[in-house]
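Containing TSV, C-alpha atoms: structure05.tsv.
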chain	number	residue	atom	x	y	z
V	1	MET	CA	0.00	0.00	0.00
V	2	ALA	CA	1.30	3.32	-0.92
V	3	ASN	CA	1.86	4.91	2.39
V	4	THR	CA	3.21	8.30	3.10
V	5	VAL	CA	5.75	8.57	5.85
V	6	ILE	CA	7.34	11.72	7.17
V	7	GLY	CA	10.54	10.39	8.69
V	8	SER	CA	11.89	11.39	12.04
V	9	SER	CA	14.46	13.88	10.78
V	10	ILE	CA	12.07	15.64	8.43
V	11	VAL	CA	10.60	19.04	9.17
V	12	ILE	CA	7.75	20.31	7.05
V	13	ASP	CA	6.50	23.83	7.38
V	14	GLY	CA	3.42	24.24	5.29
V	15	GLU	CA	0.38	22.41	4.16
V	16	ILE	CA	-0.12	18.72	3.54
V	17	SER	CA	-3.18	17.38	1.82
V	18	GLY	CA	-4.06	14.08	0.25
V	19	ASP	CA	-6.24	11.03	-0.04
V	20	GLU	CA	-4.13	8.49	1.74
V	21	ASP	CA	-2.77	7.56	5.11
V	22	LEU	CA	-0.03	9.71	6.53
V	23	VAL	CA	2.43	8.62	9.16
V	24	VAL	CA	4.30	11.38	10.94
V	25	GLN	CA	7.51	10.50	12.72
V	26	GLY	CA	9.04	13.91	12.22
V	27	THR	CA	7.75	17.44	12.56
V	28	VAL	CA	4.92	19.05	10.67
V	29	LYS	CA	3.86	22.65	11.15
V	30	GLY	CA	1.00	24.29	9.35
V	31	LYS	CA	-2.01	22.32	8.24
V	32	ILE	CA	-2.86	18.73	7.48
V	33	SER	CA	-5.94	17.70	5.61
V	34	LEU	CA	-6.48	14.13	4.55
V	35	LYS	CA	-9.32	11.91	3.50
V	36	GLU	CA	-7.83	8.97	5.38
V	37	SER	CA	-5.95	8.43	8.59
V	38	LEU	CA	-3.21	10.39	10.25
V	39	TYR	CA	-0.83	8.58	12.57
V	40	VAL	CA	1.38	10.70	14.75
V	41	GLU	CA	3.95	8.30	16.10
V	42	SER	CA	5.75	8.75	19.36
V	43	SER	CA	8.61	10.69	17.76
V	44	GLY	CA	6.19	12.80	15.77
V	45	VAL	CA	5.45	16.42	16.48
V	46	VAL	CA	2.55	18.14	14.81
V	47	GLU	CA	1.86	21.81	15.25
V	48	ALA	CA	-0.99	22.08	12.87
V	49	ASP	CA	-4.69	22.10	12.40
V	50	ILE	CA	-5.75	18.65	11.37
V	51	GLU	CA	-8.70	17.64	9.25
V	52	THR	CA	-8.94	13.94	8.53
V	53	GLN	CA	-11.12	10.91	8.87
V	54	ASN	CA	-9.13	9.22	11.63
V	55	VAL	CA	-6.34	10.42	13.84
V	56	GLU	CA	-4.16	8.30	16.05
V	57	VAL	CA	-1.76	10.19	18.26
V	58	SER	CA	1.14	8.68	20.14
V	59	GLY	CA	3.33	11.75	19.87
V	60	LYS	CA	2.74	15.45	20.31
V	61	VAL	CA	0.02	17.46	18.69
V	62	THR	CA	-0.64	21.14	19.15
V	63	GLY	CA	-3.59	22.35	17.18
V	64	ASN	CA	-7.21	21.65	16.54
V	65	ILE	CA	-8.25	18.24	15.36
V	66	ASN	CA	-11.33	17.76	13.29
V	67	ALA	CA	-11.97	14.14	12.39
V	68	SER	CA	-14.96	12.81	10.49
V	69	ASP	CA	-14.72	9.43	12.17
V	70	LYS	CA	-12.42	8.88	15.11
V	71	VAL	CA	-9.67	10.39	17.21
V	72	GLU	CA	-7.55	8.15	19.35
V	73	LEU	CA	-5.17	9.55	21.93
V	74	LYS	CA	-2.80	6.82	22.94
V	75	THR	CA	-0.70	6.34	25.99
V	76	ASP	CA	2.06	8.92	26.34
V	77	CYS	CA	0.68	11.26	23.74
V	78	ARG	CA	0.48	14.96	24.46
V	79	VAL	CA	-2.26	16.88	22.80
V	80	ILE	CA	-3.16	20.53	23.16
V	81	GLY	CA	-6.10	21.81	21.18
V	82	ASP	CA	-9.74	21.23	20.48
V	83	ILE	CA	-10.98	17.92	19.20
V	84	LYS	CA	-14.09	17.51	17.17
V	85	ALA	CA	-15.08	14.01	16.13
V	86	PRO	CA	-17.98	11.59	16.58
V	87	ARG	CA	-15.74	9.06	18.33
V	88	ILE	CA	-12.95	10.03	20.67
V	89	LEU	CA	-10.83	7.59	22.60
V	90	ILE	CA	-8.42	8.67	25.27
V	91	ALA	CA	-6.18	6.00	26.66
V	92	ASP	CA	-4.83	5.80	30.16
V	93	GLY	CA	-1.63	7.85	30.31
V	94	ALA	CA	-2.52	10.24	27.55
V	95	SER	CA	-2.34	13.92	28.31
V	96	PHE	CA	-4.76	16.29	26.75
V	97	LYS	CA	-5.82	19.87	27.13
V	98	GLY	CA	-8.65	21.36	25.15
V	99	ASN	CA	-12.28	21.03	24.27
V	100	VAL	CA	-13.97	17.91	23.08
V	101	ASP	CA	-16.94	18.03	20.78
V	102	MET	CA	-18.54	14.75	19.80
V	103	ASP	CA	-21.32	16.41	17.90
V	104	MET	CA	-24.16	14.56	19.60
V	105	LYS	CA	-26.91	15.42	17.19
V	106	GLU	CA	-25.29	13.68	14.28
V	107	ARG	CA	-25.20	10.35	16.02
H	1	MET	CA	-1.03	1.82	-5.89
H	2	ALA	CA	1.78	-0.55	-6.58
H	3	ASN	CA	5.11	1.01	-6.27
H	4	PRO	CA	6.48	1.10	-9.78
H	5	LYS	CA	9.98	0.05	-9.04
H	6	ASP	CA	12.44	0.56	-6.35
H	7	ILE	CA	15.01	2.96	-7.52
H	8	SER	CA	18.43	2.25	-6.20
H	9	GLY	CA	19.63	3.48	-2.90
H	10	SER	CA	16.92	4.25	-0.49
H	11	ALA	CA	15.35	0.85	-0.33
H	12	SER	CA	14.92	0.22	3.35
H	13	GLY	CA	14.99	1.72	6.75
H	14	ASP	CA	13.75	5.06	7.85
H	15	ASN	CA	13.03	6.90	4.75
H	16	THR	CA	10.35	9.36	4.06
H	17	VAL	CA	7.82	8.78	1.37
H	18	ILE	CA	5.32	11.21	0.00
H	19	GLY	CA	2.60	9.10	-1.50
H	20	PRO	CA	0.97	9.67	-4.86
H	21	SER	CA	-2.13	11.44	-3.59
H	22	ILE	CA	-0.29	13.69	-1.17
H	23	VAL	CA	0.27	17.36	-1.79
H	24	ILE	CA	2.70	19.28	0.38
H	25	ASN	CA	2.87	22.99	0.12
H	26	GLY	CA	5.58	24.71	2.04
H	27	LYS	CA	9.03	24.09	3.31
H	28	LEU	CA	10.53	20.69	3.91
H	29	THR	CA	13.85	20.02	5.55
H	30	GLY	CA	15.45	16.85	6.75
H	31	ASP	CA	18.42	14.57	7.22
H	32	GLU	CA	17.20	11.46	5.51
H	33	ASP	CA	16.25	10.13	2.12
H	34	LEU	CA	13.03	11.39	0.66
H	35	THR	CA	10.98	9.67	-2.00
H	36	VAL	CA	8.37	11.75	-3.74
H	37	ARG	CA	5.52	10.00	-5.50
H	38	GLY	CA	3.09	12.83	-4.98
H	39	ARG	CA	3.46	16.55	-5.19
H	40	LEU	CA	5.71	18.89	-3.32
H	41	GLU	CA	5.74	22.63	-3.76
H	42	GLY	CA	7.82	25.24	-2.06
H	43	GLU	CA	11.26	24.65	-0.72
H	44	LEU	CA	13.13	21.46	-0.06
H	45	SER	CA	16.45	20.88	1.61
H	46	LEU	CA	17.89	17.55	2.60
H	47	THR	CA	21.28	16.30	3.64
H	48	LYS	CA	20.65	13.02	1.84
H	49	THR	CA	19.06	11.80	-1.34
H	50	LEU	CA	15.93	13.03	-3.02
H	51	ILE	CA	14.19	10.54	-5.28
H	52	VAL	CA	11.43	11.81	-7.49
H	53	GLU	CA	9.57	8.84	-8.87
H	54	PRO	CA	7.71	8.92	-12.18
H	55	SER	CA	4.47	9.96	-10.51
H	56	GLY	CA	6.23	12.60	-8.44
H	57	ILE	CA	6.14	16.32	-9.08
H	58	VAL	CA	8.42	18.74	-7.31
H	59	LYS	CA	7.97	22.44	-7.85
H	60	ALA	CA	10.54	23.79	-5.52
H	61	ASN	CA	13.96	25.12	-5.03
H	62	VAL	CA	15.82	22.03	-4.02
H	63	SER	CA	19.01	21.69	-2.07
H	64	VAL	CA	20.14	18.12	-1.48
H	65	LYS	CA	23.17	15.89	-1.52
H	66	ASN	CA	22.00	13.59	-4.28
H	67	ALA	CA	18.97	13.71	-6.50
H	68	VAL	CA	17.49	11.08	-8.77
H	69	VAL	CA	14.74	12.44	-10.93
H	70	SER	CA	12.36	10.11	-12.72
H	71	GLY	CA	9.38	12.39	-12.40
H	72	ALA	CA	9.05	16.10	-12.91
H	73	VAL	CA	11.03	18.84	-11.26
H	74	VAL	CA	10.46	22.52	-11.80
H	75	GLY	CA	12.87	24.75	-9.97
H	76	ASN	CA	16.52	25.09	-9.27
H	77	VAL	CA	18.39	22.14	-7.90
H	78	ASP	CA	21.56	22.42	-5.90
H	79	ALA	CA	23.00	18.96	-5.40
H	80	ALA	CA	26.17	18.78	-3.32
H	81	GLU	CA	27.19	15.48	-4.82
H	82	SER	CA	25.23	14.46	-7.86
H	83	ILE	CA	22.01	14.70	-9.78
H	84	GLU	CA	20.69	12.16	-12.21
H	85	LEU	CA	17.84	12.57	-14.64
H	86	THR	CA	16.67	9.13	-15.62
H	87	LYS	CA	15.03	8.37	-18.93
H	88	GLU	CA	11.65	9.31	-17.51
H	89	GLY	CA	12.91	12.42	-15.81
H	90	ARG	CA	11.73	15.84	-16.82
H	91	MET	CA	13.15	18.98	-15.42
H	92	VAL	CA	13.02	22.72	-15.96
H	93	GLY	CA	15.39	24.82	-13.94
H	94	ASP	CA	19.02	25.32	-13.20
H	95	ILE	CA	21.28	22.65	-11.85
H	96	ARG	CA	24.32	23.18	-9.69
H	97	SER	CA	26.19	20.03	-8.95
H	98	PRO	CA	29.64	18.60	-9.52
H	99	ARG	CA	28.19	15.48	-11.10
H	100	VAL	CA	25.30	15.74	-13.50
H	101	ILE	CA	23.98	12.69	-15.27
H	102	LEU	CA	21.43	13.07	-18.02
H	103	VAL	CA	20.34	9.77	-19.43
H	104	ASP	CA	19.01	9.27	-22.94
H	105	GLY	CA	15.31	10.11	-22.87
H	106	ALA	CA	15.53	12.60	-20.05
H	107	SER	CA	14.29	16.05	-20.85
H	108	PHE	CA	15.80	19.12	-19.37
H	109	ARG	CA	15.71	22.83	-19.90
H	110	GLY	CA	17.90	25.13	-17.89
H	111	ARG	CA	21.46	25.78	-17.00
H	112	ILE	CA	23.99	23.44	-15.59
H	113	ASP	CA	26.84	24.53	-13.43
H	114	MET	CA	29.32	21.84	-12.48
H	115	GLY	CA	31.53	24.24	-10.62
H	116	GLU	CA	35.10	24.94	-11.58
H	117	VAL	CA	35.11	23.46	-15.06
H	118	LYS	CA	37.68	26.01	-16.20
H	119	GLY	CA	37.55	28.58	-13.47
H	120	GLU	CA	36.03	31.90	-14.51
H	121	ARG	CA	32.73	31.28	-12.82
H	122	ALA	CA	31.68	34.85	-13.36
H	123	ALA	CA	31.98	34.70	-17.12
H	124	SER	CA	30.08	31.46	-17.33
H	125	ASP	CA	27.31	32.80	-15.13
H	126	ARG	CA	26.45	35.59	-17.48
H	127	GLY	CA	27.21	33.35	-20.40
H	128	ALA	CA	25.95	34.22	-23.84
H	129	ARG	CA	23.70	31.21	-23.82
H	130	PRO	CA	20.84	31.43	-21.36
H	131	SER	CA	19.95	27.80	-21.44
H	132	VAL	CA	20.96	24.48	-22.80
H	133	ARG	CA	18.65	21.85	-24.11
H	134	ALA	CA	19.91	18.40	-23.51
H	135	VAL	CA	18.20	15.22	-24.40
H	136	ARG	CA	20.95	12.76	-24.48
H	137	SER	CA	24.05	13.20	-22.47
H	138	VAL	CA	25.86	15.65	-20.35
H	139	PRO	CA	26.09	18.77	-22.40
H	140	VAL	CA	28.54	20.67	-20.34
H	141	ALA	CA	31.60	19.00	-21.70
H	142	ALA	CA	30.66	20.10	-25.18
H	143	ARG	CA	30.15	23.68	-24.23
H	144	PRO	CA	32.71	26.22	-25.22
H	145	SER	CA	34.79	27.28	-22.33
H	146	ALA	CA	33.92	30.36	-20.44
H	147	ASN	CA	36.62	32.57	-21.81
H	148	SER	CA	36.03	31.74	-25.43
H	149	ARG	CA	32.40	32.61	-25.01
H	150	ALA	CA	33.22	35.85	-23.33
H	151	ARG	CA	35.31	36.80	-26.29
H	152	SER	CA	32.61	35.94	-28.79
H	153	ALA	CA	29.96	37.82	-26.88
H	154	GLY	CA	31.58	41.11	-27.73
H	155	LYS	CA	34.80	42.84	-27.08
H	156	PRO	CA	35.78	42.45	-23.47
H	157	PRO	CA	37.27	45.55	-21.91
H	158	VAL	CA	40.71	44.09	-22.12
H	159	PRO	CA	40.72	41.88	-25.18
H	160	PRO	CA	43.27	39.20	-24.49
H	161	PRO	CA	44.56	38.09	-27.84
H	162	PRO	CA	46.35	34.85	-27.34
H	163	PRO	CA	48.35	34.90	-30.53
H	164	GLU	CA	48.15	31.22	-31.25
H	165	SER	CA	44.36	31.13	-31.33
H	166	ARG	CA	43.79	34.53	-32.88
H	167	SER	CA	45.95	33.75	-35.82
H	168	THR	CA	43.79	30.90	-37.01
H	169	THR	CA	40.70	33.08	-37.34
H	170	PRO	CA	41.89	36.61	-37.59
H	171	LEU	CA	38.57	38.44	-37.62
H	172	PRO	CA	35.92	36.82	-35.47
H	173	PRO	CA	34.17	40.10	-34.63
H	174	MET	CA	33.50	40.75	-38.29
H	175	VAL	CA	31.61	37.52	-38.81
H	176	ALA	CA	27.84	37.79	-38.82
H	177	ALA	CA	26.41	37.67	-35.36
H	178	GLY	CA	24.64	34.36	-35.82
H	179	SER	CA	27.73	32.46	-36.82
H	180	ARG	CA	30.13	33.98	-34.39
H	181	ARG	CA	29.69	31.44	-31.72
H	182	ARG	CA	30.14	28.58	-34.09
H	183	VAL	CA	33.45	29.94	-35.24
H	184	VAL	CA	34.65	30.09	-31.71
H	185	VAL	CA	33.45	26.62	-30.91
H	186	LYS	CA	35.35	25.21	-33.83
H	187	LYS	CA	38.44	26.91	-32.73
H	188	LYS	CA	37.98	25.49	-29.28
H	189	VAL	CA	37.43	21.98	-30.56
H	190	ARG	CA	40.75	21.85	-32.25

Starting from the coordinates I provided, produce the structure as structure tokens.
Amino acid sequence: MANTVIGSSIVIDGEISGDEDLVVQGTVKGKISLKESLYVESSGVVEADIETQNVEVSGKVTGNINASDKVELKTDCRVIGDIKAPRILIADGASFKGNVDMDMKER
Amino acid sequence: MANPKDISGSASGDNTVIGPSIVINGKLTGDEDLTVRGRLEGELSLTKTLIVEPSGIVKANVSVKNAVVSGAVVGNVDAAESIELTKEGRMVGDIRSPRVILVDGASFRGRIDMGEVKGERAASDRGARPSVRAVRSVPVAARPSANSRARSAGKPPVPPPPPESRSTTPLPPMVAAGSRRRVVVKKKVR
């Protein structure tokens, strides 16, 4: 599967958009908008507004997350920003600061 | 999408891939290999190898160690070590690199600067020819040297008449403008 990976030494300052999964091990600043899933791995740092279907965070995210399906904050992640998604999972050990909006009426 | 073929080098390990549907707009820096199958616009600087696959499009000023271009690149490329345009590679822009490889089938428009070919960087930078069009092989070797071009482009302030070359064609400035350069090239070839 064609999979996009931003390696751990890569720094991107700008906008990323696309129709496929994106794995971030490095640093992304700016904006991310995808039609699929975003994985922020434990070495990954994202300082960006995120618009995707799914987000899985093990690393650091600063910015607002807007997911059409699911946001998963895993153990040891650090997230600052507002999350808007119908399904939000926060694992034990995750740290998070911000608002959560699960958009009740759509469910 | 199946990955068309693995181009040498960056096969395994931690390398960064920009997939075919991904568009990145902005500045990208890094210390590892980067494979572009999608689109990248803006600015790119790496300390390793950039690989632009056939589906990849890079519209950026690029500064890398090595570059292998099978897709499209628009912008200036500064490669510390080498740049290769494969047979599928297309590029518009200027290249600065000590090793430039243009394979048969590659298309390129722009300037190439391989560094101190004959010294006189300044003369070659404002060279009479704004661009070279190369389809087959490295064109730089065939180019007239910087100082012969400077002479053909008009009288330099201090015309250095090396007697041995002047004597063969005594009046290059009198030749029609269009053919001047050719005269000089011939002289150089011998």

Q | Within 10 Å of Ser97 of chain H using only C-alpha atoms, minus same-chain residues under 2 positions, as a list in words | A |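 Non-adjacent residues within range: Val64, Lys65, Asn66, Ala67, Val77, Asp78, Ala79, Ala80, Glu81, Ser82, Ile83, Asp94, Ile95, Arg99, Val100, Ile101, Ile112, Asp113, Met114 and Gly115 of chain H.
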
With chain H as the partner and 6 Å as the cut-off, tabulate the residues of chain V that qualify, each row holding the nearest pair of atoms and their distance in Å to one decimal, using only C-alpha atoms, sorted by chain and rising number, as a tab-separated table.
residue	atom	partner	partner_atom	distance
V:Ala2	CA	H:Met1	CA	5.7
V:Asn3	CA	H:Gly19	CA	5.8
V:Thr4	CA	H:Gly19	CA	4.7
V:Val5	CA	H:Val17	CA	4.9
V:Ile6	CA	H:Thr16	CA	4.9
V:Gly7	CA	H:Thr16	CA	4.7
V:Ser9	CA	H:Gly30	CA	5.1
V:Ile10	CA	H:Gly30	CA	4.0
V:Val11	CA	H:Thr29	CA	5.0
V:Ile12	CA	H:Leu28	CA	4.2
V:Asp13	CA	H:Lys27	CA	4.8
V:Gly14	CA	H:Gly26	CA	3.9
V:Glu15	CA	H:Asn25	CA	4.8
V:Ile16	CA	H:Ile24	CA	4.3
V:Ser17	CA	H:Val23	CA	5.0
V:Gly18	CA	H:Ile22	CA	4.0
V:Asp19	CA	H:Ser21	CA	5.4

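Counting from atom CA of Lys59 of chain H, the distance to atom CA of Ile50 of chain V is 23.9 Å.
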
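Here atom CA of Ser63 of chain H stands at a distance of 18.3 Å from atom CA of Leu102 of chain H.
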
Q: Kindly indicate which residue among H:Arg96, H:Leu85, H:Met91, H:Thr49 lies nearest to Ala72 of chain H, using all atoms listed in the file for the distances.
A: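 Ranked by minimum distance to Ala72 of chain H, first place goes to H:Met91.
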
Q | Straight-line distance linking atom CA of Glu88 of chain H with atom CA of Ile57 of chain H, stated in Å to one decimal | A |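 Straight-line distance from atom CA of Glu88 of chain H to atom CA of Ile57 of chain H works out to 12.3 Å.
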